[in-house]
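As stored in start34.cif (mmCIF, C-alpha atoms and all ligand atoms):
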data_start
#
loop_
_atom_site.label_atom_id
_atom_site.label_comp_id
_atom_site.auth_asym_id
_atom_site.auth_seq_id
_atom_site.Cartn_x
_atom_site.Cartn_y
_atom_site.Cartn_z
CA MET A 1 0.00 0.00 0.00
CA VAL A 2 1.40 3.37 -1.04
CA THR A 3 0.42 6.61 0.70
CA GLY A 4 1.25 9.95 -0.94
CA ALA A 5 0.95 8.14 -4.27
CA GLY A 6 0.52 11.41 -6.22
CA GLY A 7 3.91 12.88 -5.24
CA ALA A 8 7.27 12.58 -6.99
CA LEU A 9 8.34 9.43 -5.17
CA GLY A 10 4.79 8.07 -4.92
CA THR A 11 4.36 8.24 -8.70
CA ASP A 12 7.50 6.17 -9.22
CA LEU A 13 6.54 3.69 -6.51
CA VAL A 14 3.29 3.12 -8.40
CA ARG A 15 5.21 2.64 -11.68
CA VAL A 16 7.63 0.14 -10.13
CA LEU A 17 4.85 -1.85 -8.45
CA THR A 18 2.77 -1.84 -11.65
CA GLN A 19 5.73 -3.12 -13.69
CA SER A 20 6.43 -5.85 -11.14
CA GLY A 21 2.88 -7.16 -11.33
CA GLU A 22 2.55 -6.81 -7.57
CA ARG A 23 -0.93 -6.41 -6.12
CA PHE A 24 -1.03 -3.03 -4.44
CA SER A 25 -3.22 -0.16 -3.37
CA ALA A 26 -2.08 3.37 -4.30
CA LEU A 27 -3.63 6.16 -2.27
CA THR A 28 -3.15 9.80 -3.20
CA ARG A 29 -3.96 12.54 -0.75
CA ALA A 30 -7.48 12.69 -2.21
CA ASP A 31 -7.89 8.97 -1.42
CA LEU A 32 -6.40 9.05 2.07
CA ASP A 33 -5.48 12.03 4.22
CA ILE A 34 -2.86 10.44 6.48
CA THR A 35 -3.61 12.93 9.26
CA ASP A 36 -7.15 11.50 9.65
CA PRO A 37 -6.91 8.75 12.33
CA GLU A 38 -10.18 7.02 11.43
CA ALA A 39 -9.47 7.04 7.70
CA VAL A 40 -5.96 5.67 8.35
CA GLU A 41 -7.29 2.87 10.55
CA ALA A 42 -9.93 1.94 7.95
CA ALA A 43 -7.52 2.02 4.99
CA VAL A 44 -4.70 0.05 6.65
CA GLY A 45 -7.19 -2.43 8.15
CA ALA A 46 -8.90 -3.05 4.81
CA TRP A 47 -5.62 -3.45 2.96
CA ALA A 48 -3.94 -5.69 5.53
CA SER A 49 -6.96 -7.95 6.01
CA GLY A 50 -7.26 -8.41 2.24
CA SER A 51 -3.60 -9.38 1.81
CA ASP A 52 -2.63 -13.03 1.54
CA GLU A 53 1.02 -12.17 1.98
CA ARG A 54 2.65 -9.80 4.44
CA ALA A 55 1.17 -6.34 3.93
CA VAL A 56 3.71 -3.52 3.60
CA LEU A 57 2.88 0.17 3.78
CA LEU A 58 5.21 2.50 1.86
CA ASN A 59 4.70 6.02 3.17
CA ALA A 60 5.68 8.60 0.56
CA ALA A 61 3.30 11.27 1.86
CA ALA A 62 4.85 14.36 3.37
CA PHE A 63 4.54 18.12 3.70
CA THR A 64 7.56 19.15 1.63
CA ALA A 65 7.26 22.97 1.32
CA VAL A 66 10.39 23.49 3.40
CA ASP A 67 10.55 27.31 3.27
CA LEU A 68 6.83 27.80 3.77
CA ALA A 69 6.94 25.63 6.92
CA GLU A 70 9.63 27.98 8.25
CA THR A 71 7.74 31.22 7.68
CA ASP A 72 4.03 30.45 7.84
CA GLU A 73 2.32 29.28 11.00
CA GLN A 74 -0.40 27.35 9.20
CA ALA A 75 2.17 25.60 7.03
CA ALA A 76 4.23 24.72 10.11
CA ALA A 77 1.11 23.20 11.70
CA ALA A 78 0.46 21.20 8.52
CA ALA A 79 4.08 19.99 8.51
CA GLN A 80 3.70 18.91 12.15
CA ALA A 81 0.47 17.03 11.37
CA VAL A 82 1.69 15.31 8.18
CA ASN A 83 5.39 14.74 8.89
CA ALA A 84 5.45 14.25 12.66
CA GLU A 85 2.09 12.93 13.84
CA ALA A 86 0.64 11.08 10.84
CA PRO A 87 3.57 8.62 10.49
CA GLY A 88 2.82 7.57 14.08
CA LEU A 89 -0.84 6.98 13.17
CA LEU A 90 0.17 4.89 10.14
CA ALA A 91 2.70 2.90 12.17
CA ALA A 92 0.19 2.21 14.98
CA ALA A 93 -2.39 1.04 12.43
CA CYS A 94 0.24 -1.24 10.86
CA ALA A 95 1.03 -2.66 14.31
CA ARG A 96 -2.66 -3.38 14.97
CA HIS A 97 -3.09 -5.13 11.60
CA GLY A 98 0.20 -7.04 11.36
CA ALA A 99 1.60 -4.93 8.53
CA ALA A 100 5.17 -3.69 8.04
CA MET A 101 6.02 -0.11 7.15
CA VAL A 102 8.69 1.61 5.09
CA HIS A 103 8.74 5.28 6.08
CA VAL A 104 10.69 7.83 4.04
CA SER A 105 12.70 10.50 5.84
CA THR A 106 15.33 13.06 5.01
CA ASP A 107 18.91 14.32 5.31
CA TYR A 108 17.37 17.46 6.91
CA VAL A 109 17.21 15.60 10.24
CA PHE A 110 20.97 16.32 10.49
CA ASP A 111 22.42 19.72 11.37
CA GLY A 112 24.72 19.68 8.34
CA ALA A 113 27.98 20.15 10.24
CA GLY A 114 28.96 16.64 9.08
CA PRO A 115 29.92 13.54 11.06
CA ALA A 116 33.00 13.44 13.28
CA GLU A 117 35.22 12.13 10.45
CA PRO A 118 35.58 14.97 7.94
CA GLY A 119 34.33 14.09 4.45
CA ALA A 120 32.45 10.97 5.61
CA GLY A 121 28.77 10.45 4.95
CA TYR A 122 26.33 10.46 7.85
CA GLU A 123 25.53 7.02 9.28
CA PRO A 124 22.05 6.26 10.69
CA SER A 125 23.63 6.12 14.15
CA ASP A 126 25.04 9.67 13.94
CA PRO A 127 23.29 12.19 16.18
CA THR A 128 20.53 14.15 14.48
CA GLY A 129 19.80 17.81 15.12
CA ALA A 130 17.46 19.28 12.53
CA ARG A 131 17.78 23.03 12.04
CA SER A 132 14.50 23.69 10.19
CA VAL A 133 10.82 23.26 11.04
CA TYR A 134 10.55 20.71 8.23
CA GLY A 135 13.58 18.77 9.51
CA ARG A 136 12.32 18.75 13.09
CA THR A 137 8.89 17.47 12.02
CA LYS A 138 10.51 14.69 9.99
CA GLU A 139 12.76 13.81 12.95
CA GLU A 140 9.69 13.47 15.18
CA GLY A 141 7.90 11.38 12.53
CA GLU A 142 10.83 8.94 12.51
CA ARG A 143 10.69 8.65 16.29
CA ARG A 144 6.95 8.01 16.33
CA VAL A 145 7.29 5.24 13.72
CA ARG A 146 10.04 3.52 15.73
CA GLU A 147 7.98 3.75 18.93
CA ALA A 148 4.72 2.46 17.41
CA LEU A 149 5.91 -0.41 15.21
CA ASP A 150 8.66 -3.01 15.46
CA ALA A 151 8.38 -4.04 11.80
CA HIS A 152 9.56 -0.70 10.42
CA HIS A 153 12.20 0.68 8.12
CA VAL A 154 12.94 4.38 8.25
CA VAL A 155 14.79 5.28 5.05
CA ARG A 156 16.49 8.66 4.88
CA THR A 157 17.12 10.01 1.41
CA ALA A 158 18.14 13.37 -0.07
CA TRP A 159 17.92 15.74 -3.03
CA VAL A 160 15.09 13.80 -4.71
CA TYR A 161 13.89 14.71 -8.21
CA GLY A 162 11.40 13.02 -10.50
CA ASP A 163 9.12 13.89 -13.35
CA THR A 164 6.18 14.83 -11.10
CA GLY A 165 5.92 18.25 -9.47
CA ALA A 166 8.48 21.01 -9.11
CA ASN A 167 12.06 19.85 -9.02
CA PHE A 168 15.62 21.15 -9.34
CA VAL A 169 16.31 19.62 -12.77
CA ALA A 170 13.28 21.19 -14.44
CA THR A 171 13.95 24.51 -12.68
CA MET A 172 17.56 24.61 -13.91
CA ALA A 173 16.46 23.71 -17.45
CA ARG A 174 13.91 26.53 -17.39
CA LEU A 175 16.47 29.03 -16.09
CA ALA A 176 19.01 27.91 -18.70
CA ALA A 177 16.56 29.01 -21.39
CA ALA A 178 15.79 32.31 -19.67
CA ARG A 179 19.20 33.58 -18.47
CA ASP A 180 22.76 33.90 -19.75
CA THR A 181 24.37 33.00 -16.42
CA LEU A 182 23.11 31.54 -13.20
CA ASP A 183 24.46 31.68 -9.64
CA VAL A 184 23.97 28.39 -7.78
CA VAL A 185 25.05 27.47 -4.26
CA ASP A 186 28.39 25.66 -4.27
CA ASP A 187 28.93 25.11 -0.54
CA GLN A 188 26.14 22.61 0.19
CA HIS A 189 27.08 19.01 -0.52
CA GLY A 190 24.71 16.12 -1.15
CA SER A 191 23.67 13.28 -3.41
CA PRO A 192 21.03 13.83 -6.09
CA THR A 193 18.57 10.94 -6.08
CA TRP A 194 16.29 10.05 -8.99
CA SER A 195 12.91 9.08 -7.55
CA ALA A 196 12.70 6.07 -9.91
CA ASP A 197 15.93 4.62 -8.45
CA LEU A 198 14.72 5.28 -4.93
CA ALA A 199 11.34 3.69 -5.67
CA ARG A 200 13.03 0.49 -6.95
CA ALA A 201 15.19 0.44 -3.82
CA LEU A 202 12.23 0.90 -1.47
CA VAL A 203 10.19 -1.82 -3.16
CA ALA A 204 13.17 -4.19 -2.86
CA LEU A 205 13.41 -3.29 0.82
CA GLY A 206 9.68 -3.82 1.36
CA ARG A 207 9.93 -7.31 -0.16
CA SER A 208 13.01 -8.28 1.85
CA ASP A 209 13.54 -9.79 5.27
CA ALA A 210 16.03 -7.07 6.20
CA ALA A 211 16.13 -6.42 9.94
CA PRO A 212 14.04 -3.44 11.05
CA GLY A 213 15.82 -0.15 11.58
CA THR A 214 17.02 3.02 9.94
CA LEU A 215 18.82 3.02 6.60
CA HIS A 216 20.28 5.66 4.29
CA ALA A 217 19.59 5.47 0.55
CA THR A 218 20.57 8.15 -1.97
CA GLY A 219 22.09 8.25 -5.43
CA SER A 220 25.77 7.20 -5.26
CA GLY A 221 28.49 9.83 -5.15
CA ALA A 222 28.08 13.45 -4.15
CA THR A 223 28.21 16.96 -5.57
CA THR A 224 27.04 20.48 -4.76
CA TRP A 225 23.90 22.21 -6.06
CA CYS A 226 26.23 24.06 -8.43
CA GLY A 227 27.71 20.75 -9.66
CA PHE A 228 24.21 19.35 -10.08
CA ALA A 229 23.13 22.44 -12.07
CA ARG A 230 26.22 22.19 -14.30
CA ALA A 231 25.34 18.55 -15.01
CA VAL A 232 21.82 19.62 -16.04
CA PHE A 233 23.35 22.22 -18.40
CA THR A 234 25.60 19.52 -19.88
CA GLU A 235 22.57 17.30 -20.46
CA LEU A 236 20.91 20.25 -22.23
CA GLY A 237 23.96 20.66 -24.48
CA ALA A 238 24.52 24.08 -22.87
CA ASP A 239 27.86 25.40 -21.56
CA PRO A 240 28.11 24.33 -17.89
CA GLU A 241 30.40 27.32 -17.22
CA ARG A 242 27.30 29.51 -17.49
CA VAL A 243 26.55 28.22 -13.98
CA ARG A 244 28.63 30.16 -11.44
CA GLY A 245 29.19 28.96 -7.88
CA CYS A 246 27.98 31.16 -5.04
CA THR A 247 27.79 30.75 -1.26
CA THR A 248 24.79 30.00 0.91
CA GLU A 249 25.24 33.48 2.41
CA GLN A 250 24.82 35.00 -1.05
CA PHE A 251 21.61 33.04 -1.62
CA PRO A 252 19.76 33.05 1.71
CA ARG A 253 16.59 31.00 2.07
CA PRO A 254 14.03 31.11 4.90
CA ALA A 255 14.81 27.55 6.07
CA PRO A 256 18.47 26.72 6.82
CA ARG A 257 19.81 23.88 4.64
CA PRO A 258 22.42 21.41 5.90
CA ALA A 259 25.83 22.31 4.44
CA TRP A 260 26.76 18.62 4.52
CA SER A 261 23.93 16.34 3.42
CA VAL A 262 25.95 13.35 2.27
CA LEU A 263 24.52 10.10 3.66
CA SER A 264 26.74 7.03 3.89
CA PRO A 265 25.53 4.01 1.87
CA ALA A 266 27.10 1.59 4.39
CA SER A 267 23.82 0.73 6.16
CA TRP A 268 22.09 0.09 2.83
CA LEU A 269 24.88 -2.18 1.57
CA ALA A 270 25.15 -4.01 4.92
CA ALA A 271 21.44 -4.82 4.68
CA GLY A 272 22.26 -6.72 1.48
CA PHE A 273 21.07 -4.29 -1.20
CA GLU A 274 22.71 -2.99 -4.37
CA PRO A 275 23.95 0.59 -4.22
CA LEU A 276 21.70 3.10 -5.98
CA PRO A 277 23.16 4.19 -9.34
CA ASP A 278 25.77 6.95 -9.50
CA TRP A 279 23.96 10.32 -9.37
CA ARG A 280 25.47 11.56 -12.66
CA ALA A 281 24.49 8.42 -14.61
CA ALA A 282 21.06 8.53 -12.99
CA LEU A 283 20.53 12.11 -14.18
CA HIS A 284 21.33 11.05 -17.74
CA ALA A 285 18.93 8.11 -17.45
CA ALA A 286 16.22 10.34 -15.96
CA VAL A 287 16.33 12.96 -18.72
CA THR A 288 16.49 10.23 -21.36
CA CYS A 289 13.39 8.63 -19.85
CA HIS A 290 11.65 11.98 -19.24
CA PRO A 291 12.90 14.54 -21.80
CA GLU A 292 10.18 16.88 -20.54
CA LEU A 293 12.40 17.43 -17.48
CA LEU A 294 14.64 19.43 -19.84
CA GLY A 295 11.66 21.15 -21.44
CA ARG A 296 11.69 18.82 -24.44
CA ALA A 297 8.73 16.99 -25.92
CA PRO A 298 8.28 13.44 -24.58
CA VAL A 299 9.22 10.71 -27.05
CA ASP A 300 7.10 7.64 -27.69
CA ARG A 301 8.31 4.80 -25.52
N1 LIG B 401 12.09 15.98 -2.47
C1 LIG B 401 13.22 15.87 -1.80
O1 LIG B 401 14.26 16.47 -2.16
C2 LIG B 401 13.32 14.97 -0.60
C3 LIG B 401 14.56 14.87 0.06
C4 LIG B 401 14.64 14.03 1.17
C5 LIG B 401 13.54 13.31 1.61
N2 LIG B 401 12.36 13.47 0.96
C6 LIG B 401 11.22 12.71 1.47
O2 LIG B 401 10.79 11.85 0.43
C7 LIG B 401 9.39 11.58 0.58
C8 LIG B 401 8.68 11.82 -0.74
O3 LIG B 401 8.83 13.19 -1.09
P1 LIG B 401 8.52 13.73 -2.55
O4 LIG B 401 9.75 14.39 -3.04
O5 LIG B 401 7.86 12.69 -3.37
O6 LIG B 401 7.48 14.88 -2.14
P2 LIG B 401 6.17 15.39 -2.90
O7 LIG B 401 6.38 15.30 -4.37
O8 LIG B 401 5.86 16.72 -2.27
O9 LIG B 401 5.07 14.33 -2.50
C9 LIG B 401 4.46 14.29 -1.24
C10 LIG B 401 3.05 13.81 -1.44
O10 LIG B 401 2.43 13.73 -0.15
C11 LIG B 401 1.11 14.21 -0.30
N3 LIG B 401 0.52 14.64 0.97
C12 LIG B 401 0.71 15.81 1.63
N4 LIG B 401 -0.07 15.85 2.72
C13 LIG B 401 -0.76 14.68 2.76
C14 LIG B 401 -1.72 14.13 3.63
N5 LIG B 401 -2.16 14.81 4.71
N6 LIG B 401 -2.21 12.90 3.35
C15 LIG B 401 -1.81 12.22 2.27
N7 LIG B 401 -0.90 12.69 1.40
C16 LIG B 401 -0.37 13.91 1.64
C17 LIG B 401 1.24 15.37 -1.27
O11 LIG B 401 -0.03 15.70 -1.81
P3 LIG B 401 -0.31 17.21 -2.31
O12 LIG B 401 0.67 17.48 -3.40
O13 LIG B 401 -1.73 17.16 -2.75
O14 LIG B 401 -0.07 18.07 -1.10
C18 LIG B 401 2.19 14.76 -2.29
O15 LIG B 401 1.49 14.04 -3.27
C19 LIG B 401 8.93 12.49 1.73
O16 LIG B 401 8.91 11.74 2.92
C20 LIG B 401 10.01 13.55 1.82
O17 LIG B 401 10.08 14.11 3.12
C21 LIG B 401 12.23 14.26 -0.14
#
Starting from the file, give its structure as structure tokens.
Amino acid sequence: MVTGAGGALGTDLVRVLTQSGERFSALTRADLDITDPEAVEAAVGAWASGSDERAVLLNAAAFTAVDLAETDEQAAAAAQAVNAEAPGLLAAACARHGAAMVHVSTDYVFDGAGPAEPGAGYEPSDPTGARSVYGRTKEEGERRVREALDAHHVVRTAWVYGDTGANFVATMARLAAARDTLDVVDDQHGSPTWSADLARALVALGRSDAAPGTLHATGSGATTWCGFARAVFTELGADPERVRGCTTEQFPRPAPRPAWSVLSPASWLAAGFEPLPDWRAALHAAVTCHPELLGRAPVDR
């Protein structure tokens, strides 16, 4: 069962499950508001009782307007309800109905100063310390899932883009057409993650017998937002040097972003899974699969 099925990740989860022939239930926000306790209980109960095999809930629903949550009280309350409290409701319903849960979380639970060893990726065991409203609500959501359900996986990912909704790749492609040069932050480090790769990884996890716990899964390798933007320009056939690096200070945003967002793949590999593809190769695959990300007409596939 997929919640948040209309989002970037949710859309790809539905594609992967459809291709695999798996029997599943995909619920968009219009189908199930995960903040509604009675609706959650009814949906999880119906799905789990109708499943011959182990039922697994993949929660891709979230309040993801990071800056709005920082500046707007109503948005902050929505983030608290969707990201912090609702995962606990879903997990408790799974516990009551014998289902497992894969809950998606974020690099924003870390403060961004980086782990003790300079240059290393964060491990799941590293101390968290979210600096934004969004990050703190996601941190609380993780905790509530762990407390309510033994059969859980919390999977932290980062810098997700897909062909649904606003995303960095499409934004850079649009700006490439509109401007001669572009200043993009070059002092925040992370791993771009194509939602299709993440969806395949999460479905593999949901099918597995991997021990419950927290795992990190992002595209392999790391770059900065500036490096990511230059790669988008290269994919467009545009000169990547048109993208100029700037500092976070020069491009302030309402919500603080972690300077170091790199997540170590060690937990993912130790659980017996393949690494996610290299971020640069994944970007090429994504724009080949979805040329509309670059503002080009889709091709028949
Ligand atoms: N995008 C990133 O860079 C990134 C990075 C790290 C982690 N993540 C995590 O990855 C997961 C998937 O994110 P995404 O990028 O796919 O985000 P997304 O495109 O914003 O999708 C989130 C989905 O959740 C839905 N939703 C919001 N409130 C809901 C509610 N009360 N009940 C049911 N559904 C609700 C949204 O519906 P509406 O559109 O109708 O509101 C949307 O379809 C989230 O857990 C997110 O925190 C994302």
What is the distance between CA of Leu215 (chain A) and CA of Arg156 (chain A), in Å to one decimal?
->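 That distance, rounded to one decimal, is 6.3 Å.
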Using only C-alpha atoms and all ligand atoms, what are the residues with an atom within 9 Å of ligand LIG 401 (chain B), set out as JSON, numbers by chain?
-> {"A": [3, 4, 5, 6, 7, 8, 9, 10, 11, 12, 27, 28, 29, 30, 31, 32, 33, 34, 35, 36, 59, 60, 61, 62, 63, 64, 65, 78, 79, 81, 82, 83, 86, 103, 104, 105, 106, 107, 108, 134, 135, 138, 155, 156, 157, 158, 159, 160, 161, 162, 164, 165, 166, 167, 168, 192, 193, 195, 218]}
Within 12 Å of Leu68 (chain A), counting only C-alpha atoms, which residues qualify if same-chain residues fewer than 5 places away don't, as a ChimeraX atom specification?
-> /A:63,73-79,132-134,253-255
In Å, how far is it from CA of Phe110 (chain A) to CA of Ser261 (chain A)?
-> 7.7 Å
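Closest to Gly112 (chain A) among A:Leu58, A:Ala39, A:Leu294, A:Leu263 is A:Leu263, based on only C-alpha atoms.
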Can you sort out the box for region 62-72 of chain A, edges along x, y and z, all listed atoms in, 6 Å on every side, with centre and edge lengths in Å to one decimal, as AutoDock Vina command-line options?
--center_x 7.3 --center_y 22.8 --center_z 4.8 --size_x 18.5 --size_y 28.9 --size_z 18.9
